[in-house]
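Asks: I am attaching a structure below and will ask some questions about it afterwards.
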Amino acid sequence: MPFHLVDHPVIRERLTRIRSVDSGTAAFRSALHDISRLLCFEVTRDLETKVVEVTTPLRKTDGHELSRPVVLVPILRAGVGMLNGFIEILGDAAVGHVGLCRNEETHLPERYYFKMPAGLAESEVILIDPMLATGGSAADAVDEMKREGATRIRFVCLIAAPEGVAAFSARHPEVPVYAAALDECLNEKAYIVPGLGDAGDRYFGT
Ligand code: PRP
Ligand code: URA
């Protein structure tokens, strides 16, 4: 199972602020942004590059550029909170959107929006959402992107539940999952425990 726990002292410190019930909207946003930038570094570590020639003020030499375009796909709403951190590093990335909302009774995701940029099949696709709870939202999003031709997909979240990692990986065993924390379990409402509560509500102040 390609599960990567991204452990870093600054991530641990920011994650503590995010979890705290005493952190307000500004603190939550700022910490999520910082963690997203740090996660981006790790999530993109194995992207392929190709050699290109670059001319410095002194002479020509070998440089590198990414072999494939990158497409970032936040799952609405909460994934938007991680987008700018990734865009700051991957400034040329195109952005697709998947709108999914969990039904509060069934806990199953319901789709309300889907728009991808052209060229998905040739791109490195990074799906982003702070929470991997039951795994249904992320797995459905990957289903949709595969239908659109995506083959190189990685999923990155802030907090994963063991149940979500198992369910997601059962449906998409080849898709690597990156997380800043692997929490204990889900509660009876399918919320991650200890978690951070409702990521979308906390990020958007709703
Ligand atoms: C949250 C979260 C994920 C999903 C995870 O979104 O941002 O998308 O739940 O749960 P799952 O792994 O059990 O599918 P939510 O459905 O609450 O929508 P929101 O982002 O609009 O608040
Ligand atoms: N969605 C959230 O925002 N939080 C959880 O703990 C589970 C799903």
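Residues are named by chain letter and number: chains run A, B, ... in the order of the structure tokens, numbers start at 1 in each chain, and ligands are numbered from 1 in the order shown.
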Set the cut-off to 7 Å, count only C-alpha atoms and all ligand atoms, and list whatever residues fall near ligand 1 as a PDB file with N, CA, C and O atoms, in the first residue's frame.
Replies:
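Listing of out.pdb after writing:
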ATOM      1  N   ILE A  75     -10.628  18.932  -3.863  1.00  0.00           N
ATOM      2  CA  ILE A  75     -12.015  18.499  -3.696  1.00  0.00           C
ATOM      3  C   ILE A  75     -12.731  19.605  -2.918  1.00  0.00           C
ATOM      4  O   ILE A  75     -12.316  19.965  -1.801  1.00  0.00           O
ATOM      5  N   LEU A  76     -13.770  20.171  -3.533  1.00  0.00           N
ATOM      6  CA  LEU A  76     -14.539  21.247  -2.905  1.00  0.00           C
ATOM      7  C   LEU A  76     -15.366  20.663  -1.752  1.00  0.00           C
ATOM      8  O   LEU A  76     -15.866  19.526  -1.884  1.00  0.00           O
ATOM      9  N   ARG A  77     -15.483  21.482  -0.722  1.00  0.00           N
ATOM     10  CA  ARG A  77     -14.888  22.788  -0.533  1.00  0.00           C
ATOM     11  C   ARG A  77     -13.492  22.759   0.091  1.00  0.00           C
ATOM     12  O   ARG A  77     -12.638  23.574  -0.220  1.00  0.00           O
ATOM     13  N   ALA A  78     -13.296  21.865   1.071  1.00  0.00           N
ATOM     14  CA  ALA A  78     -12.147  22.030   1.963  1.00  0.00           C
ATOM     15  C   ALA A  78     -10.801  21.958   1.242  1.00  0.00           C
ATOM     16  O   ALA A  78      -9.816  22.548   1.693  1.00  0.00           O
ATOM     17  N   GLY A  79     -10.749  21.238   0.110  1.00  0.00           N
ATOM     18  CA  GLY A  79      -9.501  21.136  -0.634  1.00  0.00           C
ATOM     19  C   GLY A  79      -8.962  22.481  -1.082  1.00  0.00           C
ATOM     20  O   GLY A  79      -7.747  22.654  -1.273  1.00  0.00           O
ATOM     21  N   LEU A 100     -17.701  17.639  -4.168  1.00  0.00           N
ATOM     22  CA  LEU A 100     -18.320  16.480  -3.506  1.00  0.00           C
ATOM     23  C   LEU A 100     -18.729  16.885  -2.100  1.00  0.00           C
ATOM     24  O   LEU A 100     -17.992  17.597  -1.421  1.00  0.00           O
ATOM     25  N   CYS A 101     -19.876  16.434  -1.682  1.00  0.00           N
ATOM     26  CA  CYS A 101     -20.318  16.723  -0.312  1.00  0.00           C
ATOM     27  C   CYS A 101     -20.863  15.435   0.294  1.00  0.00           C
ATOM     28  O   CYS A 101     -21.675  14.746  -0.338  1.00  0.00           O
ATOM     29  N   ARG A 102     -20.416  15.094   1.479  1.00  0.00           N
ATOM     30  CA  ARG A 102     -20.898  13.862   2.106  1.00  0.00           C
ATOM     31  C   ARG A 102     -22.333  14.036   2.577  1.00  0.00           C
ATOM     32  O   ARG A 102     -22.673  15.032   3.202  1.00  0.00           O
ATOM     33  N   HIS A 107     -23.264   9.076   4.834  1.00  0.00           N
ATOM     34  CA  HIS A 107     -21.812   9.346   4.811  1.00  0.00           C
ATOM     35  C   HIS A 107     -21.211   9.118   3.429  1.00  0.00           C
ATOM     36  O   HIS A 107     -19.981   9.072   3.286  1.00  0.00           O
ATOM     37  N   LEU A 108     -22.068   8.957   2.428  1.00  0.00           N
ATOM     38  CA  LEU A 108     -21.562   8.758   1.066  1.00  0.00           C
ATOM     39  C   LEU A 108     -21.445  10.109   0.358  1.00  0.00           C
ATOM     40  O   LEU A 108     -22.275  11.003   0.559  1.00  0.00           O
ATOM     41  N   PRO A 109     -20.410  10.263  -0.491  1.00  0.00           N
ATOM     42  CA  PRO A 109     -20.241  11.532  -1.194  1.00  0.00           C
ATOM     43  C   PRO A 109     -21.259  11.717  -2.311  1.00  0.00           C
ATOM     44  O   PRO A 109     -21.612  10.752  -2.998  1.00  0.00           O
ATOM     45  N   ASP A 129      -7.199  17.239  -0.552  1.00  0.00           N
ATOM     46  CA  ASP A 129      -8.352  17.373   0.363  1.00  0.00           C
ATOM     47  C   ASP A 129      -7.808  17.170   1.770  1.00  0.00           C
ATOM     48  O   ASP A 129      -7.073  16.214   1.999  1.00  0.00           O
ATOM     49  N   PRO A 130      -8.136  18.038   2.720  1.00  0.00           N
ATOM     50  CA  PRO A 130      -7.540  17.861   4.051  1.00  0.00           C
ATOM     51  C   PRO A 130      -7.891  16.535   4.731  1.00  0.00           C
ATOM     52  O   PRO A 130      -7.102  16.030   5.509  1.00  0.00           O
ATOM     53  N   MET A 131      -9.094  15.988   4.452  1.00  0.00           N
ATOM     54  CA  MET A 131      -9.561  14.854   5.254  1.00  0.00           C
ATOM     55  C   MET A 131      -9.798  13.602   4.417  1.00  0.00           C
ATOM     56  O   MET A 131     -10.527  13.629   3.422  1.00  0.00           O
ATOM     57  N   LEU A 132      -9.199  12.487   4.844  1.00  0.00           N
ATOM     58  CA  LEU A 132      -9.509  11.176   4.276  1.00  0.00           C
ATOM     59  C   LEU A 132     -10.185  10.394   5.400  1.00  0.00           C
ATOM     60  O   LEU A 132      -9.513   9.841   6.267  1.00  0.00           O
ATOM     61  N   ALA A 133     -11.504  10.396   5.403  1.00  0.00           N
ATOM     62  CA  ALA A 133     -12.260   9.795   6.521  1.00  0.00           C
ATOM     63  C   ALA A 133     -12.689   8.378   6.147  1.00  0.00           C
ATOM     64  O   ALA A 133     -11.966   7.416   6.399  1.00  0.00           O
ATOM     65  N   THR A 134     -13.866   8.228   5.517  1.00  0.00           N
ATOM     66  CA  THR A 134     -14.237   6.885   5.032  1.00  0.00           C
ATOM     67  C   THR A 134     -13.468   6.542   3.758  1.00  0.00           C
ATOM     68  O   THR A 134     -13.403   5.385   3.353  1.00  0.00           O
ATOM     69  N   GLY A 135     -12.949   7.575   3.080  1.00  0.00           N
ATOM     70  CA  GLY A 135     -12.242   7.377   1.818  1.00  0.00           C
ATOM     71  C   GLY A 135     -13.138   7.490   0.604  1.00  0.00           C
ATOM     72  O   GLY A 135     -12.661   7.482  -0.533  1.00  0.00           O
ATOM     73  N   GLY A 136     -14.457   7.621   0.834  1.00  0.00           N
ATOM     74  CA  GLY A 136     -15.396   7.631  -0.287  1.00  0.00           C
ATOM     75  C   GLY A 136     -15.211   8.818  -1.221  1.00  0.00           C
ATOM     76  O   GLY A 136     -15.251   8.656  -2.448  1.00  0.00           O
ATOM     77  N   SER A 137     -15.002  10.014  -0.655  1.00  0.00           N
ATOM     78  CA  SER A 137     -14.883  11.204  -1.509  1.00  0.00           C
ATOM     79  C   SER A 137     -13.646  11.108  -2.395  1.00  0.00           C
ATOM     80  O   SER A 137     -13.716  11.331  -3.612  1.00  0.00           O
ATOM     81  N   ALA A 138     -12.512  10.802  -1.791  1.00  0.00           N
ATOM     82  CA  ALA A 138     -11.271  10.736  -2.572  1.00  0.00           C
ATOM     83  C   ALA A 138     -11.352   9.629  -3.630  1.00  0.00           C
ATOM     84  O   ALA A 138     -10.935   9.822  -4.778  1.00  0.00           O
ATOM     85  N   GLY A 164     -10.125   4.967   6.167  1.00  0.00           N
ATOM     86  CA  GLY A 164     -10.125   5.647   4.871  1.00  0.00           C
ATOM     87  C   GLY A 164      -8.958   5.221   3.998  1.00  0.00           C
ATOM     88  O   GLY A 164      -9.120   5.032   2.787  1.00  0.00           O
ATOM     89  N   ALA A 190     -18.771   9.169  11.305  1.00  0.00           N
ATOM     90  CA  ALA A 190     -17.712   9.069  10.288  1.00  0.00           C
ATOM     91  C   ALA A 190     -16.800  10.289  10.290  1.00  0.00           C
ATOM     92  O   ALA A 190     -16.245  10.666   9.259  1.00  0.00           O
ATOM     93  N   ASP A 198     -14.868  19.639  11.381  1.00  0.00           N
ATOM     94  CA  ASP A 198     -15.278  19.759   9.978  1.00  0.00           C
ATOM     95  C   ASP A 198     -14.332  20.741   9.271  1.00  0.00           C
ATOM     96  O   ASP A 198     -14.349  21.948   9.551  1.00  0.00           O
ATOM     97  N   ALA A 199     -13.506  20.204   8.386  1.00  0.00           N
ATOM     98  CA  ALA A 199     -12.449  21.020   7.768  1.00  0.00           C
ATOM     99  C   ALA A 199     -13.035  22.184   6.970  1.00  0.00           C
ATOM    100  O   ALA A 199     -12.542  23.314   7.040  1.00  0.00           O
ATOM    101  N   GLY A 200     -14.079  21.906   6.179  1.00  0.00           N
ATOM    102  CA  GLY A 200     -14.681  22.959   5.351  1.00  0.00           C
ATOM    103  C   GLY A 200     -15.261  24.072   6.216  1.00  0.00           C
ATOM    104  O   GLY A 200     -15.048  25.256   5.955  1.00  0.00           O
ATOM    105  N   ASP A 201     -15.984  23.699   7.253  1.00  0.00           N
ATOM    106  CA  ASP A 201     -16.586  24.711   8.136  1.00  0.00           C
ATOM    107  C   ASP A 201     -15.510  25.541   8.825  1.00  0.00           C
ATOM    108  O   ASP A 201     -15.641  26.759   8.961  1.00  0.00           O
TER     109      ASP A 201
END
Asks: Please extract the residues of region 20-141 of chain A with a backbone DSSP assignment of strand (DSSP E or B) and present them as JSON, numbers by chain.
Replies: {"A": [49, 50, 51, 52, 53, 54, 55, 60, 61, 62, 63, 64, 65, 66, 70, 71, 72, 73, 74, 75, 76, 94, 95, 97, 98, 99, 100, 101, 102, 109, 110, 111, 112, 113, 114, 115, 124, 125, 126, 127, 128, 131, 132]}
Asks: Between CA of His97 (chain A) and CA of Leu47 (chain A), measure the distance and give it in Å to one decimal.
Replies: 21.8 Å
Asks: Here is a test: counting only C-alpha atoms and all ligand atoms, which residue of A:Val54, A:Val142, A:Ile18, A:Ala161 is nearest to ligand 2?
Replies: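 Using only C-alpha atoms and all ligand atoms, the shortest distance to ligand 2 belongs to A:Ala161.
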Asks: Choose the residue, out of A:Ser36, A:Thr206, A:Ser169, A:Ser23, that has the smallest atom-to-atom separation from ligand 2; count only C-alpha atoms and all ligand atoms.
Replies: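 So, comparing all the options, the nearest one is A:Thr206.
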Asks: What is the CA of Asp7 (chain A)-CA of Val70 (chain A) distance in Å, reported with one decimal?
Replies: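 Taking CA of Asp7 (chain A) and CA of Val70 (chain A), their separation equals 24.0 Å.
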Asks: Return the single residue from A:Val125, A:Val165, A:Ile11, A:Ala160 that is closest to ligand 2, with distances computed using only C-alpha atoms and all ligand atoms.
Replies: A:Ala160
Asks: Which is closer to Asp140 (chain A) than all the others in A:Arg171, A:Lys115, A:Arg154, A:Arg37, using only C-alpha atoms?
Replies: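 The closest residue to Asp140 (chain A) is A:Arg171.
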